[in-house]
Amino acid sequence: MPERRRTLDDFTDHELLTVPEVAECLRLSTDAIYEMVHRSELPAVRLGRKIRLPAFGLRQWIATQAGVNAPPKATSIASPQTH
């Protein structure tokens with residue numbers, strides 16, 4: 001059985017994703033992601049020589065690219081529900 005492709009929903013807003021993880025989520029090559037980071041098109045954080053992309057920033061970027069004002073609010077299993 002083939003592995004399920006990971007999506008941005010697999011990550012919490014607080015996670016920093018690697019370039020290969022982002023490439024898989026966006027269904028792009030890692031070279032395309034590196035180029036978009038280099039052109040400052042994607043939100044990225046540099047940790048020494050490593051590049052990490054915040055999940056929350058990617059959700060915002062996708063919403064902006066799609067012409068949506070704000071991304072849907074992320075839910076977390078650990079978040080307490082208030083009633």
# chains A, B, ... in the order shown; residues from 1 in each chain; ligands from 1
$ select_by_dssp --residues "chain A" --states "strand (DSSP E or B)" --output "ChimeraX atom specification"
/A:16-17,45-47,50-54
$ write_last_selection --atoms "N, CA and C atoms" --output "JSON list (two decimals), in the first residue's frame"
[["chain", "number", "residue", "atom", "x", "y", "z"],
["A", 16, "LEU", "N", 8.01, 24.14, 12.37],
["A", 16, "LEU", "CA", 8.86, 24.63, 11.29],
["A", 16, "LEU", "C", 9.13, 23.45, 10.37],
["A", 17, "LEU", "N", 8.80, 23.60, 9.10],
["A", 17, "LEU", "CA", 8.92, 22.52, 8.13],
["A", 17, "LEU", "C", 10.23, 22.62, 7.36],
["A", 45, "VAL", "N", 12.68, 30.89, 7.64],
["A", 45, "VAL", "CA", 13.57, 31.23, 8.74],
["A", 45, "VAL", "C", 14.88, 30.50, 8.48],
["A", 46, "ARG", "N", 15.98, 31.21, 8.62],
["A", 46, "ARG", "CA", 17.28, 30.58, 8.47],
["A", 46, "ARG", "C", 17.85, 30.30, 9.85],
["A", 47, "LEU", "N", 18.23, 29.05, 10.06],
["A", 47, "LEU", "CA", 18.86, 28.62, 11.30],
["A", 47, "LEU", "C", 20.26, 28.12, 10.93],
["A", 50, "LYS", "N", 20.60, 26.04, 7.71],
["A", 50, "LYS", "CA", 19.34, 25.35, 7.49],
["A", 50, "LYS", "C", 18.23, 26.36, 7.18],
["A", 51, "ILE", "N", 17.28, 25.94, 6.37],
["A", 51, "ILE", "CA", 16.11, 26.76, 6.05],
["A", 51, "ILE", "C", 14.89, 26.01, 6.58],
["A", 52, "ARG", "N", 14.07, 26.73, 7.32],
["A", 52, "ARG", "CA", 12.82, 26.16, 7.81],
["A", 52, "ARG", "C", 11.68, 27.11, 7.44],
["A", 53, "LEU", "N", 10.53, 26.55, 7.16],
["A", 53, "LEU", "CA", 9.37, 27.34, 6.78],
["A", 53, "LEU", "C", 8.27, 27.12, 7.80],
["A", 54, "PRO", "N", 7.77, 28.19, 8.42],
["A", 54, "PRO", "CA", 6.73, 28.02, 9.44],
["A", 54, "PRO", "C", 5.40, 27.62, 8.80]]
$ residues_around --residues "stretch 35-43 of chain A" --least-positions-apart "4" --cutoff "7 Å" --atoms "only C-alpha atoms" --output "PyMOL selection string"
chain A and resi 31+53+57-58
$ residues_around --residues "A:Pro20" --least-positions-apart "6" --cutoff "9 Å" --atoms "only C-alpha atoms" --output "PyMOL selection string"
chain A and resi 29-30+33
$ write_last_selection --atoms "C-alpha atoms" --output "PDB file, in the first residue's frame"
ATOM      1  CA  SER A  29      10.286  20.218  -6.416  1.00  0.00           C
ATOM      2  CA  THR A  30      12.726  21.076  -3.657  1.00  0.00           C
ATOM      3  CA  ILE A  33      10.985  25.774  -3.003  1.00  0.00           C
TER       4      ILE A  33
END
$ residues_around --residues "stretch 8-10 of chain A" --least-positions-apart "4" --cutoff "10 Å" --atoms "only C-alpha atoms" --output "PDB file with N, CA and C atoms, in the first residue's frame"
ATOM      1  N   LEU A  17       8.802  23.604   9.100  1.00  0.00           N
ATOM      2  CA  LEU A  17       8.918  22.521   8.135  1.00  0.00           C
ATOM      3  C   LEU A  17      10.226  22.619   7.361  1.00  0.00           C
ATOM      4  N   GLU A  21       9.672  18.739   3.128  1.00  0.00           N
ATOM      5  CA  GLU A  21       8.298  18.627   3.610  1.00  0.00           C
ATOM      6  C   GLU A  21       7.384  19.617   2.892  1.00  0.00           C
ATOM      7  N   VAL A  22       7.860  20.853   2.714  1.00  0.00           N
ATOM      8  CA  VAL A  22       7.064  21.868   2.014  1.00  0.00           C
ATOM      9  C   VAL A  22       6.874  21.475   0.551  1.00  0.00           C
ATOM     10  N   GLU A  24       6.731  18.521  -0.689  1.00  0.00           N
ATOM     11  CA  GLU A  24       5.733  17.460  -0.764  1.00  0.00           C
ATOM     12  C   GLU A  24       4.328  18.031  -0.587  1.00  0.00           C
ATOM     13  N   CYS A  25       4.173  18.927   0.384  1.00  0.00           N
ATOM     14  CA  CYS A  25       2.850  19.514   0.643  1.00  0.00           C
ATOM     15  C   CYS A  25       2.341  20.321  -0.543  1.00  0.00           C
ATOM     16  N   LEU A  26       3.234  21.098  -1.164  1.00  0.00           N
ATOM     17  CA  LEU A  26       2.836  21.957  -2.279  1.00  0.00           C
ATOM     18  C   LEU A  26       2.935  21.250  -3.626  1.00  0.00           C
ATOM     19  N   ALA A  55       4.757  26.606   9.381  1.00  0.00           N
ATOM     20  CA  ALA A  55       3.476  26.128   8.846  1.00  0.00           C
ATOM     21  C   ALA A  55       2.451  27.253   8.813  1.00  0.00           C
ATOM     22  N   PHE A  56       2.399  28.059   9.861  1.00  0.00           N
ATOM     23  CA  PHE A  56       1.442  29.161   9.912  1.00  0.00           C
ATOM     24  C   PHE A  56       1.684  30.139   8.760  1.00  0.00           C
ATOM     25  N   LEU A  58       3.070  29.510   5.887  1.00  0.00           N
ATOM     26  CA  LEU A  58       2.680  28.883   4.621  1.00  0.00           C
ATOM     27  C   LEU A  58       1.170  28.937   4.415  1.00  0.00           C
ATOM     28  N   ARG A  59       0.421  28.719   5.498  1.00  0.00           N
ATOM     29  CA  ARG A  59      -1.041  28.821   5.384  1.00  0.00           C
ATOM     30  C   ARG A  59      -1.449  30.243   4.982  1.00  0.00           C
ATOM     31  N   ALA A  74      -6.714  27.260  12.413  1.00  0.00           N
ATOM     32  CA  ALA A  74      -6.214  25.911  12.641  1.00  0.00           C
ATOM     33  C   ALA A  74      -6.784  25.358  13.936  1.00  0.00           C
ATOM     34  N   THR A  75      -7.035  24.087  13.934  1.00  0.00           N
ATOM     35  CA  THR A  75      -7.517  23.443  15.146  1.00  0.00           C
ATOM     36  C   THR A  75      -6.430  22.543  15.679  1.00  0.00           C
TER      37      THR A  75
END
$ select_by_dssp --residues "chain A" --states "helix (DSSP H, G or I)" --output "number ranges by chain"
A: 8-10, 19-26, 30-38, 55-65
